[in-house]
file data.cif (mmCIF, C-alpha atoms and all ligand atoms)
data_work
#
loop_
_atom_site.label_atom_id
_atom_site.label_comp_id
_atom_site.auth_asym_id
_atom_site.auth_seq_id
_atom_site.Cartn_x
_atom_site.Cartn_y
_atom_site.Cartn_z
CA MET N 20 -14.16 17.07 29.73
CA THR N 21 -14.61 15.61 33.17
CA ALA N 22 -11.75 13.77 34.79
CA THR N 23 -13.84 10.68 35.37
CA PRO N 24 -16.26 10.71 32.46
CA LYS N 25 -19.27 8.46 32.38
CA LEU N 26 -18.56 6.06 29.53
CA SER N 27 -20.84 4.53 26.96
CA VAL N 28 -19.62 1.71 24.78
CA ALA N 29 -21.22 1.57 21.32
CA ILE N 30 -21.20 -1.90 19.76
CA PRO N 31 -22.70 -3.10 16.44
CA VAL N 32 -23.81 -6.72 16.46
CA TYR N 33 -24.74 -8.86 13.50
CA ASN N 34 -25.14 -12.62 13.93
CA GLU N 35 -22.71 -12.82 16.82
CA GLN N 36 -24.56 -15.27 19.09
CA GLU N 37 -21.40 -17.26 19.85
CA VAL N 38 -19.51 -14.15 20.95
CA ILE N 39 -22.12 -12.15 22.87
CA PRO N 40 -21.92 -13.82 26.30
CA GLU N 41 -18.13 -13.46 26.37
CA LEU N 42 -18.41 -9.95 24.91
CA LEU N 43 -20.80 -8.77 27.62
CA ARG N 44 -18.75 -10.40 30.33
CA ARG N 45 -15.50 -8.82 29.21
CA VAL N 46 -16.93 -5.39 28.44
CA THR N 47 -18.83 -5.04 31.71
CA SER N 48 -15.92 -6.26 33.79
CA ALA N 49 -13.59 -3.86 31.97
CA LEU N 50 -16.01 -1.03 32.73
CA ASP N 51 -16.35 -2.07 36.37
CA THR N 52 -12.68 -1.34 36.96
CA LEU N 53 -13.08 2.26 35.79
CA PRO N 54 -14.16 5.17 38.00
CA GLY N 55 -17.14 7.37 37.15
CA GLY N 56 -19.64 4.54 36.73
CA PRO N 57 -22.16 3.11 36.32
CA HIS N 58 -21.09 3.10 32.70
CA GLN N 59 -23.30 2.12 29.81
CA VAL N 60 -23.16 -0.33 26.92
CA VAL N 61 -25.27 0.34 23.84
CA LEU N 62 -25.58 -2.64 21.55
CA VAL N 63 -27.23 -2.31 18.17
CA ASP N 64 -28.53 -5.49 16.65
CA ASP N 65 -28.19 -5.01 12.92
CA GLY N 66 -31.02 -7.31 11.89
CA SER N 67 -29.37 -10.54 13.01
CA SER N 68 -30.93 -13.74 11.75
CA ASP N 69 -29.55 -15.90 14.57
CA ASN N 70 -30.34 -15.62 18.28
CA SER N 71 -28.20 -12.53 18.89
CA LEU N 72 -31.17 -10.27 19.54
CA GLU N 73 -32.84 -12.65 22.00
CA ILE N 74 -29.59 -13.07 23.91
CA LEU N 75 -29.06 -9.31 24.02
CA GLN N 76 -32.63 -8.56 25.06
CA GLN N 77 -32.44 -11.15 27.81
CA ALA N 78 -29.22 -9.59 29.09
CA ALA N 79 -30.64 -6.07 28.90
CA SER N 80 -33.75 -7.04 30.82
CA GLU N 81 -31.48 -8.03 33.71
CA ASP N 82 -28.85 -5.31 33.59
CA GLU N 83 -29.83 -1.66 33.42
CA ARG N 84 -26.40 -0.65 32.17
CA LEU N 85 -27.27 -2.28 28.85
CA VAL N 86 -29.22 -0.57 26.09
CA VAL N 87 -30.24 -2.76 23.18
CA VAL N 88 -31.45 -1.22 19.94
CA SER N 89 -32.66 -3.49 17.17
CA PHE N 90 -32.98 -2.65 13.50
CA SER N 91 -35.90 -3.55 11.27
CA ARG N 92 -33.43 -5.32 8.94
CA ASN N 93 -29.72 -5.53 8.20
CA PHE N 94 -28.45 -2.03 7.42
CA GLY N 95 -24.71 -2.53 7.87
CA GLN N 96 -22.06 -1.89 10.46
CA GLN N 97 -21.65 1.84 9.88
CA PRO N 98 -25.38 2.58 10.24
CA ALA N 99 -25.34 0.38 13.36
CA TYR N 100 -22.58 2.51 14.84
CA ALA N 101 -24.48 5.64 13.84
CA ALA N 102 -27.59 4.40 15.63
CA ALA N 103 -25.62 3.46 18.72
CA LEU N 104 -24.24 7.00 18.83
CA GLU N 105 -27.79 8.33 18.91
CA TYR N 106 -28.58 6.31 22.01
CA VAL N 107 -25.42 6.73 24.06
CA GLU N 108 -25.66 8.93 27.13
CA GLY N 109 -22.06 8.97 28.32
CA ASP N 110 -19.69 11.95 28.49
CA ALA N 111 -17.28 9.93 26.38
CA VAL N 112 -18.05 7.09 24.04
CA ILE N 113 -16.09 4.03 23.05
CA MET N 114 -16.77 2.64 19.59
CA MET N 115 -15.95 -1.04 19.48
CA ASP N 116 -16.69 -4.01 17.24
CA GLY N 117 -18.76 -6.80 18.73
CA ASP N 118 -16.50 -9.72 17.83
CA LEU N 119 -13.84 -9.00 20.45
CA GLN N 120 -11.24 -8.16 17.83
CA ASP N 121 -11.01 -4.89 19.70
CA PRO N 122 -10.03 -5.96 23.24
CA PRO N 123 -12.29 -4.38 25.90
CA GLU N 124 -9.33 -4.46 28.30
CA GLN N 125 -7.80 -1.65 26.21
CA ILE N 126 -10.64 0.73 27.08
CA ALA N 127 -8.71 1.75 30.19
CA ALA N 128 -5.68 2.67 28.08
CA LEU N 129 -7.81 4.68 25.65
CA LEU N 130 -9.47 6.44 28.57
CA GLN N 131 -6.15 7.28 30.17
CA LYS N 132 -4.95 8.91 26.96
CA TYR N 133 -8.31 10.66 26.55
CA ASN N 134 -8.00 12.16 30.01
CA GLU N 135 -4.83 13.89 28.89
CA GLY N 136 -7.20 16.24 27.07
CA TYR N 137 -7.98 14.70 23.70
CA ASP N 138 -11.34 14.68 21.96
CA VAL N 139 -10.55 11.56 19.97
CA VAL N 140 -8.17 8.74 20.76
CA TYR N 141 -8.28 6.10 18.06
CA ALA N 142 -6.67 2.69 18.17
CA ILE N 143 -3.97 2.07 15.60
CA ARG N 144 -4.03 -1.56 14.63
CA VAL N 145 -0.77 -3.33 15.04
CA ASN N 146 -0.19 -7.04 14.49
CA ARG N 147 -3.31 -7.71 12.54
CA LYS N 148 -4.20 -11.38 12.66
CA GLU N 149 -6.16 -11.57 9.42
CA ASN N 150 -4.87 -13.63 6.54
CA PHE N 151 -2.08 -12.42 4.31
CA VAL N 152 -4.16 -11.34 1.32
CA LYS N 153 -6.59 -9.39 3.51
CA ARG N 154 -3.71 -7.67 5.29
CA ILE N 155 -2.22 -6.59 1.98
CA CYS N 156 -5.59 -5.25 0.83
CA TYR N 157 -6.06 -3.27 4.07
CA ASN N 158 -2.57 -1.93 3.70
CA VAL N 159 -3.08 -0.78 0.13
CA PHE N 160 -6.47 0.69 0.95
CA TYR N 161 -5.30 2.78 3.90
CA ARG N 162 -2.36 4.09 1.91
CA VAL N 163 -4.47 4.93 -1.14
CA ILE N 164 -7.14 6.70 0.87
CA GLN N 165 -4.53 8.62 2.80
CA ARG N 166 -3.17 10.00 -0.47
CA LEU N 167 -6.54 10.70 -2.02
CA SER N 168 -8.38 12.19 0.90
CA SER N 169 -8.65 15.92 1.40
CA THR N 170 -8.94 15.21 5.15
CA PRO N 171 -5.95 13.59 6.78
CA LEU N 172 -7.16 10.09 7.64
CA PRO N 173 -4.95 8.22 10.07
CA ARG N 174 -3.59 5.00 8.67
CA ASP N 175 -4.67 1.61 10.05
CA SER N 176 -7.16 3.06 12.46
CA GLY N 177 -10.59 1.53 12.44
CA ASP N 178 -13.66 2.37 14.44
CA PHE N 179 -12.19 1.35 17.80
CA SER N 180 -11.77 4.65 19.61
CA ILE N 181 -12.88 6.87 22.44
CA ILE N 182 -14.59 10.10 21.47
CA SER N 183 -15.89 13.04 23.44
CA ARG N 184 -19.52 14.02 23.72
CA ARG N 185 -19.15 16.95 21.34
CA VAL N 186 -17.62 14.71 18.68
CA VAL N 187 -20.44 12.19 19.18
CA ASN N 188 -22.94 14.97 18.60
CA LEU N 189 -21.12 16.03 15.47
CA LEU N 190 -21.09 12.47 14.14
CA VAL N 191 -24.77 12.06 14.89
CA HIS N 192 -25.68 15.30 13.20
CA ASP N 193 -23.53 14.67 10.16
CA ALA N 194 -26.14 13.89 7.56
CA ASP N 195 -23.97 11.74 5.27
CA ARG N 196 -25.97 8.72 4.23
CA HIS N 197 -22.86 6.84 3.22
CA ARG N 198 -21.24 7.15 6.57
CA TYR N 199 -17.58 6.43 6.81
CA LEU N 200 -17.43 7.23 10.48
CA ARG N 201 -13.69 6.95 10.96
CA GLY N 202 -13.39 9.53 8.18
CA ILE N 203 -15.88 11.97 9.67
CA ARG N 204 -14.32 11.41 13.07
CA SER N 205 -11.06 12.67 11.67
CA TRP N 206 -12.69 15.43 9.67
CA VAL N 207 -14.29 17.09 12.74
CA GLY N 208 -10.85 18.04 14.02
CA PHE N 209 -10.06 19.01 17.63
CA LYS N 210 -7.23 17.31 19.44
CA GLN N 211 -6.80 13.76 18.20
CA THR N 212 -4.23 11.11 18.73
CA GLY N 213 -3.64 7.43 18.06
CA LEU N 214 -2.76 4.64 20.42
CA GLU N 215 -1.27 1.38 19.24
CA VAL N 216 -3.54 -1.51 20.12
CA GLU N 217 -3.16 -5.08 19.08
CA ARG N 218 -6.03 -6.35 16.98
CA ASN N 219 -7.01 -9.82 18.02
CA GLU N 220 -8.55 -12.58 16.05
CA ARG N 221 -12.29 -12.69 16.11
CA ASN N 222 -13.45 -14.53 19.22
CA ALA N 223 -15.85 -16.89 17.44
CA GLY N 224 -17.85 -17.13 14.26
CA GLU N 225 -16.99 -15.88 10.81
CA THR N 226 -16.46 -12.35 9.54
CA LYS N 227 -19.76 -10.62 8.85
CA TYR N 228 -18.12 -8.34 6.34
CA THR N 229 -18.54 -9.98 2.97
CA LEU N 230 -16.20 -8.89 0.22
CA ARG N 231 -19.04 -6.82 -1.21
CA LYS N 232 -19.67 -5.01 2.06
CA LEU N 233 -15.94 -4.42 2.48
CA LEU N 234 -15.63 -2.95 -1.01
CA ARG N 235 -18.65 -0.76 -0.36
CA LEU N 236 -17.06 0.53 2.84
CA ALA N 237 -13.82 1.20 0.96
CA SER N 238 -15.61 3.08 -1.81
CA ASP N 239 -17.63 5.06 0.76
CA GLY N 240 -14.30 6.02 2.26
CA ILE N 241 -12.77 7.07 -1.03
CA PHE N 242 -15.70 8.73 -2.75
CA SER N 243 -16.95 10.68 0.25
CA PHE N 244 -13.54 11.97 1.18
CA SER N 245 -11.95 12.69 -2.16
CA LEU N 246 -12.60 14.44 -5.45
CA ILE N 247 -9.35 13.16 -6.89
CA PRO N 248 -11.00 10.39 -8.96
CA LEU N 249 -12.91 13.15 -10.76
CA ARG N 250 -9.81 15.27 -11.18
CA LEU N 251 -8.05 12.23 -12.58
CA ALA N 252 -10.55 12.31 -15.42
CA THR N 253 -9.51 15.86 -16.26
CA LEU N 254 -5.86 14.95 -16.02
CA ILE N 255 -6.02 11.81 -18.14
CA GLY N 256 -8.39 13.55 -20.55
CA SER N 257 -5.89 16.38 -20.98
CA LEU N 258 -3.04 13.96 -21.58
CA SER N 259 -5.19 12.17 -24.15
CA VAL N 260 -5.81 15.45 -25.92
CA ILE N 261 -2.09 16.09 -26.13
CA VAL N 262 -1.45 12.61 -27.52
CA ALA N 263 -4.33 13.02 -29.96
CA LEU N 264 -2.95 16.38 -31.17
CA LEU N 265 0.48 14.84 -31.76
CA LEU N 266 -1.12 11.99 -33.67
CA ALA N 267 -3.15 14.44 -35.73
CA ALA N 268 -0.09 16.52 -36.57
CA PHE N 269 1.71 13.39 -37.60
CA ALA N 270 -1.22 12.24 -39.74
CA VAL N 271 -1.37 15.56 -41.56
CA TYR N 272 2.37 15.49 -42.11
CA ALA N 273 2.17 11.94 -43.49
CA LYS N 274 -0.69 12.90 -45.76
CA LEU N 275 1.13 15.89 -47.22
CA THR N 276 4.50 14.24 -47.68
CA PRO N 277 5.13 12.18 -50.85
CA ILE N 278 5.25 8.52 -49.89
CA ASP N 279 8.89 7.94 -50.91
CA LYS N 280 10.02 10.77 -48.64
CA LEU N 281 8.41 9.23 -45.55
CA PRO N 282 10.48 7.15 -43.10
CA GLY N 283 10.64 3.48 -44.10
CA PHE N 284 8.43 2.07 -41.31
CA ILE N 285 5.45 4.16 -42.36
CA GLN N 286 5.67 3.10 -45.96
CA GLU N 287 5.19 -0.54 -45.01
CA ILE N 288 2.27 -0.57 -42.52
CA PRO N 289 -1.22 -0.10 -44.02
CA PRO N 290 -1.53 3.57 -43.13
CA GLY N 291 -3.32 4.42 -39.93
CA PHE N 292 -5.18 1.19 -39.25
CA THR N 293 -3.32 0.01 -36.15
CA ALA N 294 -3.18 3.47 -34.63
CA LEU N 295 -6.88 3.89 -35.26
CA ILE N 296 -7.88 0.67 -33.53
CA VAL N 297 -5.58 1.32 -30.57
CA ALA N 298 -6.71 4.91 -30.17
CA ILE N 299 -10.41 4.16 -30.48
CA SER N 300 -10.43 1.31 -28.00
CA PHE N 301 -8.18 3.12 -25.57
CA PHE N 302 -10.16 6.33 -25.52
CA ALA N 303 -13.48 4.49 -25.42
CA GLY N 304 -12.20 2.61 -22.39
CA VAL N 305 -11.00 5.75 -20.66
CA GLN N 306 -14.33 7.45 -21.29
CA LEU N 307 -16.37 4.57 -19.96
CA MET N 308 -14.17 4.27 -16.91
CA PHE N 309 -14.64 7.90 -15.99
CA LEU N 310 -18.30 7.75 -16.80
CA GLY N 311 -18.37 5.15 -14.05
CA VAL N 312 -16.45 7.43 -11.69
CA VAL N 313 -18.79 10.32 -12.38
CA GLY N 314 -21.66 7.88 -11.90
CA GLU N 315 -20.38 7.05 -8.41
CA TYR N 316 -20.61 10.66 -7.39
CA VAL N 317 -23.95 11.22 -9.11
CA GLY N 318 -25.29 8.12 -7.35
CA ARG N 319 -24.16 9.48 -4.03
CA VAL N 320 -25.79 12.84 -4.74
CA PHE N 321 -28.96 10.92 -5.62
CA GLU N 322 -28.88 9.02 -2.32
CA GLU N 323 -28.32 12.21 -0.35
CA VAL N 324 -31.12 14.01 -2.16
CA LYS N 325 -33.58 11.20 -1.51
CA GLY N 326 -32.74 11.72 2.13
CA ARG N 327 -33.78 8.26 3.26
CA PRO N 328 -32.61 7.42 6.76
CA SER N 329 -29.62 5.11 6.98
CA PHE N 330 -31.37 2.82 9.45
CA ILE N 331 -34.75 2.03 10.95
CA VAL N 332 -35.12 1.10 14.59
CA ASP N 333 -37.54 -1.62 15.59
CA GLN N 334 -37.25 -2.05 19.37
CA VAL N 335 -35.26 -0.50 22.17
CA ILE N 336 -34.56 -1.82 25.64
CA ARG N 337 -33.34 0.71 28.15
CA ASN N 338 -33.47 0.62 31.94
CA LYS N 339 -34.70 -2.96 31.62
CA THR N 340 -37.82 -1.88 29.78
CA GLN N 341 -38.69 -2.45 26.18
CA TRP N 342 -40.34 0.15 23.97
CA THR N 343 -41.06 0.68 20.31
CA PRO N 344 -40.08 4.12 19.04
CA ASN N 345 -42.86 5.97 17.25
CA THR N 346 -40.16 7.76 15.32
CA PRO N 347 -37.97 4.86 14.34
CA THR N 348 -35.63 6.83 12.12
CA HIS N 349 -33.27 9.70 12.55
CA THR N 350 -31.80 11.39 9.55
CA GLY N 351 -28.79 12.77 11.32
CA ASN N 352 -30.04 16.31 11.70
CA SER N 353 -32.96 15.46 13.94
CA THR N 354 -32.75 16.02 17.67
CA ASN N 355 -30.78 13.56 19.68
CA THR N 356 -32.37 10.98 21.91
CA ILE N 357 -30.08 11.65 24.82
CA GLY N 358 -31.67 11.33 28.20
CA GLY N 359 -34.39 8.73 28.07
CA GLY N 360 -35.66 9.17 24.54
CA LYS N 361 -38.04 11.63 23.04
CA ALA N 362 -41.46 12.03 24.61
CA ASP N 363 -43.32 10.29 21.79
CA GLU N 364 -41.01 7.33 22.06
CA LEU N 365 -41.80 6.60 25.65
CA THR N 366 -45.42 5.81 25.06
CA SER N 367 -45.21 2.06 24.69
N1 LIG R 1 -21.51 -5.94 11.59
C1 LIG R 1 -22.76 -5.35 11.54
N2 LIG R 1 -23.48 -5.39 10.37
C2 LIG R 1 -22.98 -5.98 9.22
C3 LIG R 1 -21.68 -6.52 9.28
C4 LIG R 1 -20.97 -6.49 10.47
O1 LIG R 1 -23.24 -4.84 12.54
O2 LIG R 1 -23.68 -5.98 8.23
C5 LIG R 1 -20.76 -5.91 12.86
C6 LIG R 1 -20.23 -7.25 13.33
O3 LIG R 1 -21.17 -7.94 14.12
C7 LIG R 1 -19.01 -6.87 14.12
C8 LIG R 1 -18.52 -5.61 13.42
O4 LIG R 1 -19.62 -5.12 12.67
O5 LIG R 1 -19.35 -6.52 15.44
C9 LIG R 1 -17.35 -5.89 12.51
O6 LIG R 1 -17.68 -6.90 11.59
P1 LIG R 1 -16.70 -8.09 11.26
O7 LIG R 1 -15.94 -8.49 12.45
O8 LIG R 1 -17.50 -9.17 10.61
O9 LIG R 1 -15.76 -7.42 10.19
P2 LIG R 1 -14.17 -7.61 10.07
O10 LIG R 1 -13.61 -7.35 11.43
O11 LIG R 1 -13.98 -9.02 9.63
O12 LIG R 1 -13.77 -6.60 9.05
MG MG R 2 -14.12 -8.35 13.05
#

call {"tool": "encode", "arguments": {"input": "data.cif", "output": "structure tokens"}}
result
Amino acid sequence: MTATPKLSVAIPVYNEQEVIPELLRRVTSALDTLPGGPHQVVLVDDGSSDNSLEILQQAASEDERLVVVSFSRNFGQQPAYAAALEYVEGDAVIMMDGDLQDPPEQIAALLQKYNEGYDVVYAIRVNRKENFVKRICYNVFYRVIQRLSSTPLPRDSGDFSIISRRVVNLLVHDADRHRYLRGIRSWVGFKQTGLEVERNERNAGETKYTLRKLLRLASDGIFSFSLIPLRLATLIGSLSVIVALLLAAFAVYAKLTPIDKLPGFIQEIPPGFTALIVAISFFAGVQLMFLGVVGEYVGRVFEEVKGRPSFIVDQVIRNKTQWTPNTPTHTGNSTNTIGGGKADELTS
């Protein structure tokens, strides 16, 4: 780790045309105050349908510190981060959302902590400004995943962080298709610490994370970092077996005992009907539920086996020049594009 590392800032962008000018202004001026420059900003346009890409390309054609990578369609925020990490060239990399919820002015504080000898310094979100319901959901999620995960995942830390070059390389080479980067970031180990950073409101525009995308991110977090949902099936199944055995013993006892010797409450109810209905519907429900859980894991195995890339790159602008990669995908275990891109990609 160098004392004044060259920084790259990795930013995913999806329909953020209202924010981009302010974003670029604040990020570049934050970087200008830091030694070790010129630093770099890698923006990945995640298939925006507004003018985000044009604005970014225009900016990148005027400023060689900017790298703009565009996707062939919308792949999602995590793939956008993953792509950005393939194009960064810095000794240390800042991961930061593109809506200015993560304040660029805090980069200096992250860097200062990083220079104390950490590989990862992640921002811990304090004073979230989202609405009440969303805050409760985030809260529950981070607590649940912390309990379930086999890797310790720091609570309330998102993607905003500074990470060392070796961690970047590990994240890039991690072949998970369902990337939950903040999870893998924690999983790689080394010296990590958190820094409390206030999370602002989004600068302009609406959230680009629909409820569906948010739930998918949450399930990626849970299912790729925990086997406990599967173990729960064994546990609840075992408990069910015990209950079923008790019921069976009772049924045999009731069958063999003359009716007038049975306790009063059994003599009155039509024998077995209620218990039967309750047991059948309950166990059918439990089985279906865990079939779904098993299905989640099988689905993930399926996705991994197919080995499709998690994103496809359309265009890249670097050093003010635009090119179209001949190898637009990287599957995580391919060679990195550090240092001007691979030879076949420089042909346009
Ligand atoms: N984003 C993206 N692709 C998507 C959704 C979001 O690249 O499909 C980007 C978005 O532009 C922003 C960051 O990911 O820079 C975080 O998204 P957002 O602020 O909408 O999520 P929230 O902060 O509301 O959870
Ligand atoms: Mg946001």

call {"tool": "residues_near_ligand", "arguments": {"input": "data.cif", "ligand": "ligand LIG 1 (chain R)", "cutoff": "7 Å", "atoms": "all atoms listed in the file", "output": "list in words"}}
result
Ile30, Pro31, Val32, Tyr33, Asn34, Glu35, Asp64, Asp65, Asn93, Phe94, Gly95, Gln96, Ala99, Asp116, Gly117, Asp118, Gln120, Arg221, Glu225, Thr226, Lys227 and Tyr228 of chain N

call {"tool": "residues_around", "arguments": {"input": "data.cif", "residues": "N:Val140", "least_positions_apart": "6", "cutoff": "9 Å", "atoms": "all atoms listed in the file", "output": "list in words"}}
result
Leu129, Leu130, Lys132, Tyr133, Phe179, Ser180, Ile181, Ile182, Lys210, Gln211, Thr212, Gly213 and Leu214 of chain N

call {"tool": "write_last_selection", "arguments": {"input": "data.cif", "atoms": "C-alpha atoms", "output": "PDB file, in the frame of the given file"}}
result
ATOM      1  CA  LEU N 129      -7.810   4.680  25.650  1.00  0.00           C
ATOM      2  CA  LEU N 130      -9.470   6.440  28.570  1.00  0.00           C
ATOM      3  CA  LYS N 132      -4.950   8.910  26.960  1.00  0.00           C
ATOM      4  CA  TYR N 133      -8.310  10.660  26.550  1.00  0.00           C
ATOM      5  CA  PHE N 179     -12.190   1.350  17.800  1.00  0.00           C
ATOM      6  CA  SER N 180     -11.770   4.650  19.610  1.00  0.00           C
ATOM      7  CA  ILE N 181     -12.880   6.870  22.440  1.00  0.00           C
ATOM      8  CA  ILE N 182     -14.590  10.100  21.470  1.00  0.00           C
ATOM      9  CA  LYS N 210      -7.230  17.310  19.440  1.00  0.00           C
ATOM     10  CA  GLN N 211      -6.800  13.760  18.200  1.00  0.00           C
ATOM     11  CA  THR N 212      -4.230  11.110  18.730  1.00  0.00           C
ATOM     12  CA  GLY N 213      -3.640   7.430  18.060  1.00  0.00           C
ATOM     13  CA  LEU N 214      -2.760   4.640  20.420  1.00  0.00           C
TER      14      LEU N 214
END

call {"tool": "closest_residue", "arguments": {"input": "data.cif", "among": "N:Ser243, N:Asn222, N:Gln59, N:Ser300", "to": "ligand MG 2 (chain R)", "atoms": "all atoms listed in the file"}}
result
N:Asn222

call {"tool": "residues_around", "arguments": {"input": "data.cif", "residues": "N:Ser205", "least_positions_apart": "5", "cutoff": "8 Å", "atoms": "all atoms listed in the file", "output": "ChimeraX atom specification"}}
result
/N:170-173,211

call {"tool": "closest_residue", "arguments": {"input": "data.cif", "among": "N:Leu43, N:Val207, N:Leu266, N:Ile113", "to": "N:Gln77", "atoms": "all atoms listed in the file"}}
result
N:Leu43

call {"tool": "residues_around", "arguments": {"input": "data.cif", "residues": "N:Ser176", "least_positions_apart": "6", "cutoff": "9 Å", "atoms": "all atoms listed in the file", "output": "number ranges by chain"}}
result
N: 141-144, 161, 201, 213

call {"tool": "residues_around", "arguments": {"input": "data.cif", "residues": "N:Phe244", "least_positions_apart": "2", "cutoff": "9 Å", "atoms": "only C-alpha atoms", "output": "JSON, numbers by chain"}}
result
{"N": [164, 167, 168, 169, 170, 199, 202, 203, 239, 240, 241, 242, 246]}

call {"tool": "atom_distance", "arguments": {"input": "data.cif", "atom1": "atom CA of N:Ile299", "atom2": "atom CA of N:Val271"}}
result
18.3 Å

call {"tool": "atom_distance", "arguments": {"input": "data.cif", "atom1": "atom CA of N:Lys325", "atom2": "atom CA of N:Val312"}}
result
20.3 Å

call {"tool": "closest_residue", "arguments": {"input": "data.cif", "among": "N:Asp121, N:Glu315, N:Glu215, N:Glu149", "to": "N:Arg174", "atoms": "all atoms listed in the file"}}
result
N:Glu215

call {"tool": "closest_residue", "arguments": {"input": "data.cif", "among": "N:Val38, N:Leu190, N:Val152, N:Val297", "to": "ligand MG 2 (chain R)", "atoms": "only C-alpha atoms and all ligand atoms"}}
result
N:Val38

call {"tool": "closest_residue", "arguments": {"input": "data.cif", "among": "N:Gly311, N:Pro347, N:Gly208, N:Pro122", "to": "ligand MG 2 (chain R)", "atoms": "only C-alpha atoms and all ligand atoms"}}
result
N:Pro122

call {"tool": "closest_residue", "arguments": {"input": "data.cif", "among": "N:Glu220, N:Glu37, N:Glu135, N:Asp175", "to": "N:Ile155", "atoms": "only C-alpha atoms"}}
result
N:Asp175

call {"tool": "atom_distance", "arguments": {"input": "data.cif", "atom1": "atom CA of N:Asp178", "atom2": "atom CA of N:Ile336"}}
result
24.1 Å

call {"tool": "residues_around", "arguments": {"input": "data.cif", "residues": "N:Glu124", "least_positions_apart": "4", "cutoff": "10 Å", "atoms": "only C-alpha atoms", "output": "ChimeraX atom specification"}}
result
/N:45-46,48-50,52,128-129

call {"tool": "build_atoms", "arguments": {"input": "data.cif", "residues": "stretch 220-225 of chain N", "atoms": "all heavy atoms", "output": "JSON list (two decimals), in the frame of the given file"}}
result
[["chain", "number", "residue", "atom", "x", "y", "z"],
["N", 220, "GLU", "N", -7.69, -11.83, 16.96],
["N", 220, "GLU", "CA", -8.55, -12.58, 16.05],
["N", 220, "GLU", "C", -9.96, -12.50, 16.57],
["N", 220, "GLU", "O", -10.18, -12.28, 17.76],
["N", 220, "GLU", "CB", -8.09, -14.04, 16.01],
["N", 220, "GLU", "CG", -7.11, -14.29, 14.90],
["N", 220, "GLU", "CD", -6.54, -15.69, 14.98],
["N", 220, "GLU", "OE1", -7.18, -16.59, 14.43],
["N", 220, "GLU", "OE2", -5.48, -15.85, 15.60],
["N", 221, "ARG", "N", -10.90, -12.70, 15.70],
["N", 221, "ARG", "CA", -12.29, -12.69, 16.11],
["N", 221, "ARG", "C", -12.50, -13.84, 17.09],
["N", 221, "ARG", "O", -11.93, -14.90, 16.96],
["N", 221, "ARG", "CB", -13.05, -12.77, 14.78],
["N", 221, "ARG", "CG", -14.35, -13.34, 14.71],
["N", 221, "ARG", "CD", -14.78, -13.39, 13.25],
["N", 221, "ARG", "NE", -15.54, -12.19, 12.92],
["N", 221, "ARG", "CZ", -16.71, -11.94, 13.47],
["N", 221, "ARG", "NH1", -17.26, -12.75, 14.31],
["N", 221, "ARG", "NH2", -17.35, -10.83, 13.15],
["N", 222, "ASN", "N", -13.29, -13.57, 18.14],
["N", 222, "ASN", "CA", -13.45, -14.53, 19.22],
["N", 222, "ASN", "C", -14.12, -15.82, 18.78],
["N", 222, "ASN", "O", -13.74, -16.91, 19.16],
["N", 222, "ASN", "CB", -14.25, -13.86, 20.34],
["N", 222, "ASN", "CG", -14.40, -14.72, 21.54],
["N", 222, "ASN", "OD1", -15.33, -15.50, 21.62],
["N", 222, "ASN", "ND2", -13.46, -14.64, 22.47],
["N", 223, "ALA", "N", -15.15, -15.70, 17.96],
["N", 223, "ALA", "CA", -15.85, -16.89, 17.44],
["N", 223, "ALA", "C", -16.61, -16.47, 16.20],
["N", 223, "ALA", "O", -16.79, -15.29, 15.94],
["N", 223, "ALA", "CB", -16.83, -17.44, 18.48],
["N", 224, "GLY", "N", -17.04, -17.43, 15.45],
["N", 224, "GLY", "CA", -17.85, -17.13, 14.26],
["N", 224, "GLY", "C", -16.98, -16.64, 13.11],
["N", 224, "GLY", "O", -15.76, -16.56, 13.20],
["N", 225, "GLU", "N", -17.65, -16.32, 12.04],
["N", 225, "GLU", "CA", -16.99, -15.88, 10.81],
["N", 225, "GLU", "C", -17.11, -14.38, 10.67],
["N", 225, "GLU", "O", -17.95, -13.76, 11.32],
["N", 225, "GLU", "CB", -17.71, -16.51, 9.60],
["N", 225, "GLU", "CG", -17.56, -18.01, 9.50],
["N", 225, "GLU", "CD", -16.19, -18.37, 8.96],
["N", 225, "GLU", "OE1", -15.90, -17.96, 7.82],
["N", 225, "GLU", "OE2", -15.41, -19.01, 9.68]]
